[in-house]
>>> print(open('query_19.json').read())   # JSON, C-alpha atoms and all ligand atoms
[["chain", "number", "residue", "atom", "x", "y", "z"],
["A", 1, "MET", "CA", -7.73, -25.31, 16.48],
["A", 2, "THR", "CA", -9.93, -24.82, 13.45],
["A", 3, "LEU", "CA", -8.57, -23.91, 10.02],
["A", 4, "LEU", "CA", -11.85, -22.28, 9.07],
["A", 5, "SER", "CA", -14.75, -21.18, 11.18],
["A", 6, "VAL", "CA", -17.81, -19.40, 9.91],
["A", 7, "LYS", "CA", -20.47, -17.85, 12.14],
["A", 8, "ASN", "CA", -23.75, -16.43, 10.96],
["A", 9, "LEU", "CA", -22.41, -15.80, 7.45],
["A", 10, "VAL", "CA", -24.88, -13.75, 5.45],
["A", 11, "VAL", "CA", -24.44, -12.69, 1.81],
["A", 12, "GLU", "CA", -26.80, -10.62, -0.27],
["A", 13, "LEU", "CA", -26.11, -10.11, -3.97],
["A", 14, "GLY", "CA", -28.17, -7.72, -6.07],
["A", 15, "LEU", "CA", -30.46, -7.31, -3.03],
["A", 16, "ARG", "CA", -31.17, -11.08, -3.05],
["A", 17, "PRO", "CA", -30.28, -13.20, -0.03],
["A", 18, "VAL", "CA", -27.76, -15.82, -1.23],
["A", 19, "LEU", "CA", -26.37, -17.15, 2.07],
["A", 20, "ASN", "CA", -28.74, -17.03, 5.02],
["A", 21, "GLY", "CA", -26.67, -17.28, 8.20],
["A", 22, "LEU", "CA", -24.26, -20.22, 7.86],
["A", 23, "ASP", "CA", -22.38, -21.74, 10.79],
["A", 24, "PHE", "CA", -19.69, -24.40, 10.54],
["A", 25, "ALA", "CA", -16.06, -25.10, 11.36],
["A", 26, "VAL", "CA", -13.43, -27.14, 9.58],
["A", 27, "ARG", "CA", -10.71, -28.88, 11.55],
["A", 28, "PRO", "CA", -7.32, -30.17, 10.35],
["A", 29, "GLY", "CA", -7.64, -33.55, 8.69],
["A", 30, "GLU", "CA", -11.06, -33.00, 7.13],
["A", 31, "PHE", "CA", -11.90, -33.36, 3.46],
["A", 32, "VAL", "CA", -15.23, -31.57, 3.25],
["A", 33, "GLY", "CA", -17.40, -31.87, 0.17],
["A", 34, "LEU", "CA", -19.68, -28.89, -0.37],
["A", 35, "ILE", "CA", -22.67, -30.18, -2.28],
["A", 36, "GLY", "CA", -26.03, -28.82, -3.37],
["A", 37, "PRO", "CA", -27.98, -27.99, -6.52],
["A", 38, "ASN", "CA", -27.11, -25.22, -8.99],
["A", 39, "GLY", "CA", -27.51, -21.85, -7.33],
["A", 40, "ALA", "CA", -27.45, -23.26, -3.77],
["A", 41, "GLY", "CA", -24.63, -20.87, -2.82],
["A", 42, "LYS", "CA", -21.54, -23.12, -2.90],
["A", 43, "SER", "CA", -19.31, -20.75, -4.92],
["A", 44, "THR", "CA", -20.55, -17.75, -2.98],
["A", 45, "LEU", "CA", -19.63, -19.49, 0.27],
["A", 46, "LEU", "CA", -16.09, -20.25, -0.91],
["A", 47, "ARG", "CA", -15.65, -16.74, -2.28],
["A", 48, "SER", "CA", -17.05, -14.99, 0.78],
["A", 49, "VAL", "CA", -14.67, -16.88, 3.07],
["A", 50, "LEU", "CA", -11.82, -15.24, 1.14],
["A", 51, "GLY", "CA", -13.38, -11.78, 1.16],
["A", 52, "LEU", "CA", -14.08, -11.93, -2.60],
["A", 53, "VAL", "CA", -17.74, -11.05, -2.08],
["A", 54, "PRO", "CA", -19.07, -8.73, 0.62],
["A", 55, "ALA", "CA", -20.46, -10.70, 3.57],
["A", 56, "ARG", "CA", -21.71, -10.18, 7.11],
["A", 57, "GLY", "CA", -20.87, -12.47, 10.01],
["A", 58, "GLU", "CA", -17.58, -13.87, 11.21],
["A", 59, "VAL", "CA", -14.99, -15.79, 9.21],
["A", 60, "ARG", "CA", -11.83, -17.04, 10.92],
["A", 61, "LEU", "CA", -8.87, -18.56, 9.09],
["A", 62, "SER", "CA", -6.44, -20.47, 11.34],
["A", 63, "GLY", "CA", -8.18, -18.84, 14.32],
["A", 64, "GLU", "CA", -7.80, -15.21, 13.19],
["A", 65, "GLU", "CA", -10.56, -13.02, 11.85],
["A", 66, "ALA", "CA", -10.12, -13.06, 8.05],
["A", 67, "ALA", "CA", -11.32, -9.48, 7.53],
["A", 68, "ALA", "CA", -8.63, -8.18, 9.89],
["A", 69, "THR", "CA", -5.86, -10.11, 8.12],
["A", 70, "SER", "CA", -3.86, -8.83, 5.15],
["A", 71, "ALA", "CA", -4.51, -10.40, 1.75],
["A", 72, "ARG", "CA", -0.98, -11.80, 1.71],
["A", 73, "LEU", "CA", -1.34, -13.45, 5.13],
["A", 74, "ARG", "CA", -4.76, -14.82, 4.15],
["A", 75, "ALA", "CA", -3.13, -16.33, 1.08],
["A", 76, "THR", "CA", -0.69, -18.24, 3.29],
["A", 77, "ARG", "CA", -3.64, -19.72, 5.18],
["A", 78, "ALA", "CA", -6.04, -20.62, 2.40],
["A", 79, "ALA", "CA", -5.54, -21.34, -1.29],
["A", 80, "TYR", "CA", -8.45, -20.94, -3.68],
["A", 81, "LEU", "CA", -9.20, -22.76, -6.87],
["A", 82, "ALA", "CA", -11.83, -20.76, -8.74],
["A", 83, "GLN", "CA", -14.58, -22.33, -10.82],
["A", 84, "GLU", "CA", -13.37, -20.47, -13.94],
["A", 85, "ARG", "CA", -10.48, -22.35, -15.54],
["A", 86, "GLU", "CA", -9.27, -19.76, -18.03],
["A", 87, "ILE", "CA", -5.61, -18.87, -17.99],
["A", 88, "ALA", "CA", -5.06, -15.35, -19.29],
["A", 89, "TRP", "CA", -1.29, -15.34, -19.70],
["A", 90, "ALA", "CA", 0.53, -16.93, -22.64],
["A", 91, "VAL", "CA", 3.45, -18.02, -20.44],
["A", 92, "PRO", "CA", 5.01, -21.42, -19.67],
["A", 93, "VAL", "CA", 3.04, -23.71, -17.36],
["A", 94, "GLU", "CA", 5.84, -23.66, -14.81],
["A", 95, "MET", "CA", 5.47, -19.89, -14.47],
["A", 96, "VAL", "CA", 1.72, -20.20, -13.83],
["A", 97, "VAL", "CA", 2.32, -22.80, -11.11],
["A", 98, "ALA", "CA", 5.05, -20.61, -9.58],
["A", 99, "LEU", "CA", 2.46, -17.83, -9.12],
["A", 100, "GLY", "CA", 1.17, -19.99, -6.25],
["A", 101, "ARG", "CA", 4.34, -19.07, -4.37],
["A", 102, "SER", "CA", 3.61, -15.29, -4.54],
["A", 103, "PRO", "CA", 2.31, -14.98, -0.95],
["A", 104, "HIS", "CA", 5.59, -16.50, 0.28],
["A", 105, "ARG", "CA", 7.84, -14.18, -1.78],
["A", 106, "PRO", "CA", 8.25, -10.68, -0.35],
["A", 107, "GLY", "CA", 8.06, -8.18, -3.21],
["A", 108, "LEU", "CA", 8.04, -11.10, -5.66],
["A", 109, "ALA", "CA", 11.68, -11.92, -4.93],
["A", 110, "ALA", "CA", 13.35, -14.66, -6.99],
["A", 111, "LEU", "CA", 12.17, -18.20, -6.33],
["A", 112, "THR", "CA", 14.03, -19.84, -3.46],
["A", 113, "GLU", "CA", 14.97, -23.51, -3.35],
["A", 114, "LYS", "CA", 11.90, -24.10, -1.17],
["A", 115, "ASP", "CA", 9.70, -22.35, -3.75],
["A", 116, "ARG", "CA", 11.14, -24.48, -6.56],
["A", 117, "ALA", "CA", 10.63, -27.66, -4.55],
["A", 118, "ALA", "CA", 6.98, -26.70, -3.91],
["A", 119, "VAL", "CA", 6.42, -25.94, -7.61],
["A", 120, "ASP", "CA", 8.04, -29.23, -8.69],
["A", 121, "ALA", "CA", 6.05, -31.23, -6.10],
["A", 122, "ALA", "CA", 2.78, -29.61, -7.20],
["A", 123, "MET", "CA", 3.46, -30.34, -10.87],
["A", 124, "ARG", "CA", 4.37, -33.94, -10.05],
["A", 125, "ARG", "CA", 1.19, -34.39, -8.00],
["A", 126, "MET", "CA", -0.95, -33.06, -10.84],
["A", 127, "ASP", "CA", 0.84, -35.10, -13.49],
["A", 128, "ILE", "CA", 1.78, -32.02, -15.52],
["A", 129, "GLU", "CA", 5.57, -32.26, -15.49],
["A", 130, "ALA", "CA", 5.51, -33.07, -19.19],
["A", 131, "PHE", "CA", 3.80, -29.70, -19.84],
["A", 132, "ARG", "CA", 6.33, -27.70, -17.83],
["A", 133, "ASN", "CA", 7.54, -25.63, -20.80],
["A", 134, "ARG", "CA", 4.32, -25.53, -22.80],
["A", 135, "ILE", "CA", 2.44, -22.27, -23.14],
["A", 136, "ALA", "CA", -0.43, -22.47, -20.66],
["A", 137, "THR", "CA", -3.04, -20.93, -22.97],
["A", 138, "GLU", "CA", -2.40, -23.69, -25.53],
["A", 139, "LEU", "CA", -3.40, -26.57, -23.23],
["A", 140, "SER", "CA", -6.70, -28.46, -23.31],
["A", 141, "GLY", "CA", -9.44, -27.56, -20.81],
["A", 142, "GLY", "CA", -8.62, -30.46, -18.48],
["A", 143, "GLU", "CA", -4.89, -29.81, -18.73],
["A", 144, "LYS", "CA", -5.43, -26.15, -17.80],
["A", 145, "ALA", "CA", -7.58, -27.28, -14.87],
["A", 146, "ARG", "CA", -4.72, -29.44, -13.61],
["A", 147, "VAL", "CA", -2.26, -26.54, -13.96],
["A", 148, "LEU", "CA", -4.52, -24.36, -11.82],
["A", 149, "VAL", "CA", -4.85, -27.06, -9.15],
["A", 150, "ALA", "CA", -1.04, -27.31, -9.18],
["A", 151, "ARG", "CA", -0.81, -23.53, -8.67],
["A", 152, "ALA", "CA", -3.09, -23.83, -5.62],
["A", 153, "LEU", "CA", -1.05, -26.77, -4.28],
["A", 154, "ALA", "CA", 2.20, -24.83, -4.73],
["A", 155, "GLN", "CA", 0.73, -22.20, -2.39],
["A", 156, "ASP", "CA", 1.22, -24.84, 0.33],
["A", 157, "THR", "CA", -1.52, -23.63, 2.68],
["A", 158, "PRO", "CA", -3.14, -25.55, 5.54],
["A", 159, "LEU", "CA", -6.54, -25.04, 3.88],
["A", 160, "LEU", "CA", -7.53, -25.48, 0.26],
["A", 161, "LEU", "CA", -10.86, -24.15, -1.01],
["A", 162, "ALA", "CA", -11.67, -25.64, -4.39],
["A", 163, "ASP", "CA", -14.68, -24.81, -6.54],
["A", 164, "GLU", "CA", -15.66, -27.83, -8.66],
["A", 165, "PRO", "CA", -12.06, -29.07, -8.88],
["A", 166, "THR", "CA", -12.98, -32.24, -10.78],
["A", 167, "ALA", "CA", -14.92, -30.42, -13.54],
["A", 168, "GLY", "CA", -13.42, -31.16, -16.93],
["A", 169, "LEU", "CA", -11.09, -33.91, -15.71],
["A", 170, "ASP", "CA", -11.14, -37.43, -17.13],
["A", 171, "PRO", "CA", -12.09, -40.25, -14.71],
["A", 172, "ALA", "CA", -8.51, -41.21, -13.85],
["A", 173, "HIS", "CA", -7.53, -37.61, -13.09],
["A", 174, "GLN", "CA", -10.77, -37.08, -11.10],
["A", 175, "ILE", "CA", -9.97, -40.06, -8.91],
["A", 176, "ALA", "CA", -6.31, -39.07, -8.63],
["A", 177, "LEU", "CA", -7.41, -35.61, -7.46],
["A", 178, "MET", "CA", -9.82, -37.01, -4.86],
["A", 179, "ARG", "CA", -7.06, -39.34, -3.64],
["A", 180, "LEU", "CA", -4.69, -36.39, -3.42],
["A", 181, "PHE", "CA", -7.18, -34.31, -1.41],
["A", 182, "SER", "CA", -7.71, -37.28, 0.93],
["A", 183, "SER", "CA", -3.98, -37.59, 1.42],
["A", 184, "LEU", "CA", -3.62, -33.84, 2.11],
["A", 185, "ALA", "CA", -6.27, -34.28, 4.80],
["A", 186, "ALA", "CA", -4.48, -37.35, 6.16],
["A", 187, "ASP", "CA", -1.37, -35.12, 6.47],
["A", 188, "GLY", "CA", -3.34, -32.71, 8.71],
["A", 189, "LYS", "CA", -4.39, -30.16, 6.09],
["A", 190, "SER", "CA", -8.01, -29.51, 5.16],
["A", 191, "VAL", "CA", -9.79, -29.34, 1.86],
["A", 192, "VAL", "CA", -13.23, -27.86, 1.22],
["A", 193, "ALA", "CA", -14.33, -28.67, -2.31],
["A", 194, "SER", "CA", -17.64, -28.00, -4.03],
["A", 195, "LEU", "CA", -18.67, -31.07, -5.98],
["A", 196, "HIS", "CA", -21.52, -32.05, -8.26],
["A", 197, "ASP", "CA", -20.41, -35.66, -8.60],
["A", 198, "LEU", "CA", -22.17, -37.29, -5.66],
["A", 199, "GLY", "CA", -20.38, -40.58, -6.34],
["A", 200, "LEU", "CA", -16.98, -38.97, -5.82],
["A", 201, "ALA", "CA", -18.31, -37.03, -2.81],
["A", 202, "ALA", "CA", -19.67, -40.20, -1.19],
["A", 203, "ARG", "CA", -16.56, -42.19, -1.79],
["A", 204, "TRP", "CA", -13.76, -39.77, -0.93],
["A", 205, "CYS", "CA", -14.96, -36.99, 1.39],
["A", 206, "SER", "CA", -14.77, -37.42, 5.16],
["A", 207, "ARG", "CA", -17.68, -35.02, 5.61],
["A", 208, "LEU", "CA", -20.32, -33.42, 3.45],
["A", 209, "ILE", "CA", -22.12, -30.11, 3.85],
["A", 210, "LEU", "CA", -25.33, -30.01, 1.84],
["A", 211, "LEU", "CA", -26.46, -26.51, 0.88],
["A", 212, "ASP", "CA", -29.84, -25.58, -0.49],
["A", 213, "LYS", "CA", -31.13, -22.06, -1.14],
["A", 214, "GLY", "CA", -28.31, -20.55, 0.90],
["A", 215, "ARG", "CA", -28.83, -22.74, 3.99],
["A", 216, "ILE", "CA", -27.02, -25.78, 5.36],
["A", 217, "VAL", "CA", -29.61, -28.56, 5.29],
["A", 218, "ALA", "CA", -27.28, -31.41, 6.32],
["A", 219, "ASP", "CA", -23.73, -31.63, 7.65],
["A", 220, "GLY", "CA", -21.97, -34.85, 8.61],
["A", 221, "LEU", "CA", -20.65, -38.16, 7.37],
["A", 222, "PRO", "CA", -21.45, -38.84, 3.71],
["A", 223, "SER", "CA", -23.67, -41.75, 4.77],
["A", 224, "THR", "CA", -25.83, -39.44, 6.89],
["A", 225, "VAL", "CA", -26.02, -36.64, 4.30],
["A", 226, "LEU", "CA", -26.49, -38.63, 1.10],
["A", 227, "THR", "CA", -29.74, -40.32, 2.01],
["A", 228, "PRO", "CA", -32.50, -41.25, -0.45],
["A", 229, "GLU", "CA", -34.72, -38.67, 1.30],
["A", 230, "ASN", "CA", -32.20, -35.82, 0.91],
["A", 231, "LEU", "CA", -31.52, -36.66, -2.73],
["A", 232, "ARG", "CA", -35.22, -36.63, -3.50],
["A", 233, "ALA", "CA", -36.01, -33.51, -1.46],
["A", 234, "ILE", "CA", -33.02, -31.38, -2.43],
["A", 235, "TYR", "CA", -31.92, -32.64, -5.84],
["A", 236, "GLY", "CA", -35.19, -34.21, -7.04],
["A", 237, "VAL", "CA", -33.46, -37.45, -8.05],
["A", 238, "ASP", "CA", -33.60, -41.11, -7.16],
["A", 239, "ALA", "CA", -30.25, -42.82, -6.79],
["A", 240, "PHE", "CA", -28.62, -46.22, -6.57],
["A", 241, "PHE", "CA", -26.89, -46.83, -3.23],
["A", 242, "GLY", "CA", -24.31, -49.57, -2.90],
["A", 243, "GLU", "CA", -20.88, -50.38, -1.60],
["A", 244, "ALA", "CA", -17.59, -51.45, -3.14],
["A", 245, "HIS", "CA", -14.14, -51.94, -1.59],
["A", 246, "GLY", "CA", -15.60, -50.85, 1.76],
["A", 247, "ALA", "CA", -16.72, -47.43, 0.48],
["A", 248, "PRO", "CA", -20.19, -46.18, -0.44],
["A", 249, "ILE", "CA", -21.43, -45.86, -4.01],
["A", 250, "VAL", "CA", -24.08, -43.27, -4.82],
["A", 251, "HIS", "CA", -25.19, -42.92, -8.40],
["A", 252, "PRO", "CA", -28.16, -40.74, -9.41],
["A", 253, "LEU", "CA", -30.42, -42.81, -11.68],
["A", 254, "ASP", "CA", -33.44, -40.77, -12.64],
["A", 255, "LEU", "CA", -35.60, -37.81, -11.73],
["A", 256, "ALA", "CA", -37.56, -38.61, -8.58],
["A", 257, "THR", "CA", -41.08, -39.76, -9.24],
["A", 258, "PRO", "CA", -43.64, -37.42, -7.68],
["A", 259, "GLY", "CA", -45.21, -38.53, -4.39],
["B", 1, "LIG", "N1", -23.21, -11.13, -8.72],
["B", 1, "LIG", "C1", -24.38, -11.67, -8.44],
["B", 1, "LIG", "N2", -25.51, -10.91, -8.39],
["B", 1, "LIG", "C2", -26.70, -11.44, -8.11],
["B", 1, "LIG", "N3", -26.91, -12.75, -7.81],
["B", 1, "LIG", "C3", -25.83, -13.54, -7.83],
["B", 1, "LIG", "C4", -24.51, -13.06, -8.15],
["B", 1, "LIG", "N4", -23.65, -14.11, -8.09],
["B", 1, "LIG", "C5", -24.39, -15.18, -7.77],
["B", 1, "LIG", "N5", -25.68, -14.85, -7.62],
["B", 1, "LIG", "C6", -26.79, -15.76, -7.27],
["B", 1, "LIG", "O1", -26.46, -16.38, -6.04],
["B", 1, "LIG", "C7", -26.96, -17.71, -6.02],
["B", 1, "LIG", "C8", -25.85, -18.66, -5.62],
["B", 1, "LIG", "O2", -24.88, -18.69, -6.65],
["B", 1, "LIG", "P1", -23.60, -19.61, -6.52],
["B", 1, "LIG", "O3", -22.76, -19.37, -7.74],
["B", 1, "LIG", "O4", -22.98, -19.40, -5.20],
["B", 1, "LIG", "O5", -24.26, -21.07, -6.57],
["B", 1, "LIG", "P2", -23.58, -22.50, -6.69],
["B", 1, "LIG", "O6", -24.17, -23.34, -5.62],
["B", 1, "LIG", "O7", -22.10, -22.38, -6.72],
["B", 1, "LIG", "O8", -24.14, -22.95, -8.10],
["B", 1, "LIG", "P3", -23.53, -23.86, -9.30],
["B", 1, "LIG", "O9", -23.60, -25.29, -8.80],
["B", 1, "LIG", "O10", -24.47, -23.61, -10.40],
["B", 1, "LIG", "O11", -22.13, -23.40, -9.59],
["B", 1, "LIG", "C9", -27.53, -17.98, -7.41],
["B", 1, "LIG", "O12", -28.92, -17.87, -7.36],
["B", 1, "LIG", "C10", -26.93, -16.90, -8.26],
["B", 1, "LIG", "O13", -27.80, -16.54, -9.32]]
>>> encode(input="query_19.json", output="structure tokens")
Amino acid sequence: MTLLSVKNLVVELGLRPVLNGLDFAVRPGEFVGLIGPNGAGKSTLLRSVLGLVPARGEVRLSGEEAAATSARLRATRAAYLAQEREIAWAVPVEMVVALGRSPHRPGLAALTEKDRAAVDAAMRRMDIEAFRNRIATELSGGEKARVLVARALAQDTPLLLADEPTAGLDPAHQIALMRLFSSLAADGKSVVASLHDLGLAARWCSRLILLDKGRIVADGLPSTVLTPENLRAIYGVDAFFGEAHGAPIVHPLDLATPG
């Protein structure tokens, strides 16, 4: 059983090819880091999986063709954390997080005990319980980011698609989030997260997909994807490679020297 499978996914935006025939599948238990330079197509890939941009090819969520599934059912299979972190509504944080339960509430019925438990658990996991009654629009950028992750967690889906989830978070909350995604994967869920921080990607992801110019150029264990050759060829950087506590360290050091 795959939670997500993508076959020959093609996206054109403004008559420009953005994704050029992608193929991959994500199984339960995987924490997949989607990496690649600016403009590689990472956000477009996440958005096209959810039908948010027009695409050709086949996308299956939990085995069923996504295009043939209702939006509500899709939202019980995959949660999405968008790159934009603005919160439009001046309402209490708790209410924003509870929006994650919408796909589980027919006609937006009152929150059930299960809904409340999911909202509380998501707020606890994102360390935002203290903000519960604060107005969401009045939070800092990183605090808002954590509220939106909590909303996606409250959705309680087998698959989480997260676009740059660590952006704007301080180091402790970045690491806590990567730990959380790892533990979701250990519980049999899957996370696909676009990441620019190659150090976090190397250390925490079970698998990396490296995109460049709308194509998958490497897909596998972080140690096989984050090679000096790939970093030079795709990102144009030289990096330090090391190891600590049994996990890899990758830290970009400088622009690659020509030749
Ligand atoms: N609405 C659009 N119309 C035309 N081109 C678009 C549109 N949206 C995105 N693109 C182009 O598609 C390409 C991929 O964009 P995308 O946002 O998926 O990249 P990304 O890998 O997520 O980049 P970043 O790391 O900068 O967030 C870019 O060249 C971008 O300019």
>>> residues_around(input="query_19.json", residues="range 171-181 of chain A", least_positions_apart="6", cutoff="7 Å", atoms="all atoms listed in the file", output="PyMOL selection string")
chain A and resi 31+191+204
>>> residues_near_ligand(input="query_19.json", ligand="ligand LIG 1 (chain B)", cutoff="6 Å", atoms="only C-alpha atoms and all ligand atoms", output="list of chain:residue names")
A:Leu13, A:Gly14, A:Val18, A:Pro37, A:Asn38, A:Gly39, A:Ala40, A:Gly41, A:Lys42, A:Ser43, A:Thr44
>>> write_last_selection(input="query_19.json", atoms="C-alpha atoms", output="PDB file, in the frame of the given file")
ATOM      1  CA  LEU A  13     -26.110 -10.110  -3.970  1.00  0.00           C
ATOM      2  CA  GLY A  14     -28.170  -7.720  -6.070  1.00  0.00           C
ATOM      3  CA  VAL A  18     -27.760 -15.820  -1.230  1.00  0.00           C
ATOM      4  CA  PRO A  37     -27.980 -27.990  -6.520  1.00  0.00           C
ATOM      5  CA  ASN A  38     -27.110 -25.220  -8.990  1.00  0.00           C
ATOM      6  CA  GLY A  39     -27.510 -21.850  -7.330  1.00  0.00           C
ATOM      7  CA  ALA A  40     -27.450 -23.260  -3.770  1.00  0.00           C
ATOM      8  CA  GLY A  41     -24.630 -20.870  -2.820  1.00  0.00           C
ATOM      9  CA  LYS A  42     -21.540 -23.120  -2.900  1.00  0.00           C
ATOM     10  CA  SER A  43     -19.310 -20.750  -4.920  1.00  0.00           C
ATOM     11  CA  THR A  44     -20.550 -17.750  -2.980  1.00  0.00           C
TER      12      THR A  44
END
>>> closest_residue(input="query_19.json", among="A:Val147, A:Val10, A:Leu161, A:Ile135", to="Leu61 in chain A", atoms="all atoms listed in the file")
A:Leu161
>>> atom_distance(input="query_19.json", atom1="CA of Ala55 in chain A", atom2="CA of Glu12 in chain A")
7.4 Å
>>> closest_residue(input="query_19.json", among="A:Asn8, A:Ser223, A:Ser102, A:Thr137", to="Ile249 in chain A", atoms="only C-alpha atoms")
A:Ser223
>>> closest_residue(input="query_19.json", among="A:Ser48, A:Pro28, A:His104, A:Val6", to="Arg60 in chain A", atoms="all atoms listed in the file")
A:Val6
>>> atom_distance(input="query_19.json", atom1="CA of Leu255 in chain A", atom2="CA of Val32 in chain A")
26.0 Å
>>> closest_residue(input="query_19.json", among="A:Ala98, A:Val91, A:Ala66, A:Leu73", to="Ala122 in chain A", atoms="all atoms listed in the file")
A:Ala98
>>> closest_residue(input="query_19.json", among="A:Met126, A:Val149, A:Thr166, A:Gly36", to="Ala233 in chain A", atoms="only C-alpha atoms")
A:Gly36
